Each structure stands twice: as C-alpha cells, then as structure tokens.
Amino acid sequence: MSRHLSWLNLPFRKVYSNPKASTVQWFPGHMRKGMNQIQAKLRTIDCIIEIHDARIPFSGRNIRFRDVIKLRPHILLLNKTDLTDLDHAKKNLVSNKLHQHGVDTVFFTNLRNQQQNDFLQSEILPTVISLTDSRPRYNREGLDSYNVLVIGIPNVGKSTFINTLRSIKLMKKGKATTVGSTAGVTRSLLSRIKVNDNPPIYIYDTPGILSPKIPDLETGMRLSACACLPDERVGFVNIADYILFWLNNRQCFNYVDYFGLNEPEDNILLLLKKIALDNKKILRLKNMATNQFELRPDNDAAAQIFLNAFRKSDLGKMCLDDDF
C-alpha cells in the first residue's frame with residue numbers, strides 16, 4: 001500500500017498534447033454517402049436504435065444524428081459495458097445525463113455475451129414495438145411490420161447486434177452483416193435484414209458515421225482509444241501515449257504490474273521500449289550515416305500490445321468519460 005501511495009506524488013503530465021492533432025479528424029466519403037442514405041431511408045423507418053461504446057457514453061456521439069433521432073422513436077444501447085467499471089449508481093448517473101441530452105430510452109449491453117440473448121428478446125424488440133405503437137406512424141400507419149434503423153459511430157457493435165438478433169430469433173446461422181474489430185468495416189447502408197417473425201421486424205445496418213468535425217483533441221483521443229478511428233491514422237504510439245496520460249491522471253496503475261515495471265512511467269517511449277524488449281519486438285534498421293545495421297525497439301508493435309491490453313480491460317475496467 002505504501003508503495004502505491006508514493007506513486008501519487010510523482011510528477012505526471014497535467015495536460016495532454018499531440019503534435020498531429022489533425023489525425024483525429026476522419027470523415028471519409030463513405031460516411032457522407034451513408035448519412036445521405038440514412039436521411040433518404042427515414043420515410044420507411046419506424047424506430048431508430050443507436051449503439052455507442054459504454055466506455056465513452058458522451059464522447060463522439062454524432063451530432064448529425066440528432067436531427068434524425070428527433071423524427072422517430074429512439075433507443076440508445078451503450079455496448080461493451082463489461083469493459084467498464086459502471087456499477088448501478090454510475091449507470092444511473094450516466095442515464096440521467098443522457099436524458100438531459102434528450103435521450104429517452106437507454107440500455108446497457110454486452111452484445112458479445114451469449115447471456116444477453118434473453119435480454120435482447122425480452123427487452124429490446126418489445127421496446128421497439130411499444131415505442132413505435134405509441135407514436136403516429138404517418139405513411140406506415142396500419143402496417144403490421146416494423147422497420148428499424150441501426151446507427152452509430154464505427155466499431156461499437158452494430159453488426160454484432162444485428163447478427164445476434166437474427167441468430168436467436170430466426171435460428172439462422174452465419175452472419176447477415178460483416179463484423180470487424182476495426183473502424184469502417186460496414187461502408188454502406190445494407191438492405192433490410194429480418195430479425196423477427198411475429199410480428200415481422202426488419203433491421204437496416206448502416207456504416208459507422210462520425211461527426212464531420214470532432215470537436216476537440218480529447219474527444220478524438222478517447223474515440224481512438226476505443227478503436228472508433230483507424231489506429232494507423234491516429235498513430236499507435238499517439239494513442240498509447242494518451243491512454244498512459246489518462247491512466248496516470250486517474251491513478252490507475254494496474255499497468256505497472258501488468259508490464260513488470262518498478263513504478264509508473266510518464267514517458268511513453270520508455271514504456272514501449274520495455275514492452276518491445278520483453279516481447280522481442282525489435283527492428284533491424286540500417287543507419288545511413290554509418291552504413292551499419294542497428295537494433296531498435298519496434299514502438300508501433302509495442303504500442304499495439306499496450307492498446308490490446310487496454311481494450312481487453314487487462315489494465316482495469318474503466319469509463320473514459322468519467323466526469324458525469
């Protein structure tokens with residue numbers, strides 16, 4: 001205990017900076033196209049399910065979705081809750097803040113856990129039906145089927161949600177839509193996918209769409225930490241550096257024992273050197289001045305090891321948006 005107490009007085013950075021801050025801006029053409037497709041499809045949609053990462057319940061939610069959400073019943077699923085430290089009290093605080101932002105219905109989910117199947121059947125689809133039937137359906141009035149649009153930013157579990165529903169309700173094997181662990185796997189609005197027979201419920205998957213302009217560096221780095229932006233674009237080392245900064249400022253020192261350090265480290269390059277040496281991630285590079293080959297730590301490979309440990313919650317369960 002005294003060992004940990006002594007770490008609290010270490011001179012950690014108080015401000016995070018990134019010389020390549022522009023790299024957290026990412027709005028490629030398929031996102032613009034996807035936003036236009038969503039707006040064109042709204043006439044045939046009864047309910048909208050937005051999926052977001054529970055580690056960042058506020059950061060990065062696409063502000064352009066707000067106009068879309070106002071037009072239809074809206075459910076927000078905060079997914080990957082198993083990777084967070086959100087207990088019942090914290091979930092209530094998050095929900096209350098989201099309600100203040102205009103979100104009516106919030107569920108906390110872990111869509112990769114098979115035990116969530118009963119929850120999806122008993123809660124999500126009945127809520128879709130209830131919310132839809134409680135409001136005018138305009139041009140779809142009187143129809144006995146329901147069309148649901150699934151939206152969200154990249155890599156939050158939209159395709160996993162659809163495939164899970166399809167599997168448990170219709171007993172169909174295989175994947176109706178592609179699942180990936182990197183941002184930008186689904187790149188266009190797909191044709192509707194049946195996920196329920198009685199009543200008929202159809203779901204449209206959409207590409208992950210970020211805001212055209214991410215408001216600030218902090219938001220961009222939190223999105224990057226959760227793999228909502230491509231790692232290669234932001235930079236493996238830059239993302240690892242932000243996570244290290246965040247962990248030290250929250251006194252989350254699990255990484256010290258996990259990577260076999262003597263004490264917390266504030267210099268990401270020194271930490272990555274240790275990880276690279278321990279995991280034999282070494283580059284053999286030619287020094288153009290001496291014409292000799294030199295061995296250097298592979299910082300990108302080491303940073304990926306650090307990122308994987310963080311994203312699997314091996315360094316602790318946490319919510320990056322912790323100011324609720």
# chains A, B, ... in the order shown; residues from 1 in each chain; ligands from 1
>>> select_by_dssp(residues="range 139-257 of chain A", states="alpha helix (DSSP H)", output="PyMOL selection string")
chain A and resi 158-170+217-225+231-234+236-249+254-257
>>> closest_atom_pairs(of="range 245-308 of chain A", to="range 232-241 of chain A", cutoff="6 Å", atoms="only C-alpha atoms", output="CSV")
residue,atom,partner,partner_atom,distance
A:Ile268,CA,A:Asp241,CA,5.4
A:Asp300,CA,A:Phe236,CA,5.7
A:Ala303,CA,A:Val237,CA,5.5
>>> closest_residue(among="A:Ser130, A:Trp246, A:Cys252, A:Glu50", to="Met221 in chain A", atoms="only C-alpha atoms")
A:Trp246
>>> residues_around(residues="Ala227 in chain A", least_positions_apart="4", cutoff="12 Å", atoms="only C-alpha atoms", output="ChimeraX atom specification")
/A:24,53,55-56,60,153-157,180-184,208,220-223,231-236,239-240,304,307-308,310-312
>>> residues_around(residues="Leu71 in chain A", least_positions_apart="5", cutoff="10 Å", atoms="only C-alpha atoms", output="PDB file with C-alpha atoms, in the first residue's frame")
ATOM      1  CA  LEU A  42     -36.192   7.681 -42.921  1.00  0.00           C
ATOM      2  CA  ARG A  43     -39.612   7.679 -44.595  1.00  0.00           C
ATOM      3  CA  ILE A  45     -38.314   3.670 -40.728  1.00  0.00           C
ATOM      4  CA  ASP A  46     -40.403   3.145 -37.575  1.00  0.00           C
ATOM      5  CA  CYS A  47     -37.739   3.207 -34.847  1.00  0.00           C
ATOM      6  CA  ILE A  48     -34.049   4.045 -34.516  1.00  0.00           C
ATOM      7  CA  ARG A  66     -29.785  14.409 -33.511  1.00  0.00           C
TER       8      ARG A  66
END
>>> residues_around(residues="Ile193 in chain A", least_positions_apart="4", cutoff="7 Å", atoms="only C-alpha atoms", output="ChimeraX atom specification")
/A:202-204
>>> residues_around(residues="range 318-321 of chain A", least_positions_apart="3", cutoff="12 Å", atoms="only C-alpha atoms", output="PyMOL selection string")
chain A and resi 53-60+78+80-87+90-91+93-94+97+218-226+242-243+245-247+249-252+254+310-315+324
>>> residues_around(residues="Arg137 in chain A", least_positions_apart="4", cutoff="12 Å", atoms="only C-alpha atoms", output="PyMOL selection string")
chain A and resi 42-47+71-73+129+131-133+141-147
>>> select_by_dssp(residues="range 121-316 of chain A", states="strand (DSSP E)", output="list of chain:residue names")
A:Tyr146, A:Asn147, A:Val148, A:Leu149, A:Val150, A:Ile151, A:Gly152, A:Ile193, A:Lys194, A:Val195, A:Asn196, A:Ile201, A:Tyr202, A:Ile203, A:Tyr204, A:Ile282, A:Leu283, A:Arg284, A:Leu285, A:Lys286, A:Asn287, A:Gln292, A:Phe293, A:Glu294, A:Leu295, A:Arg296, A:Pro297
>>> atom_distance(atom1="CA of Phe253 in chain A", atom2="CA of Arg112 in chain A")
27.4 Å
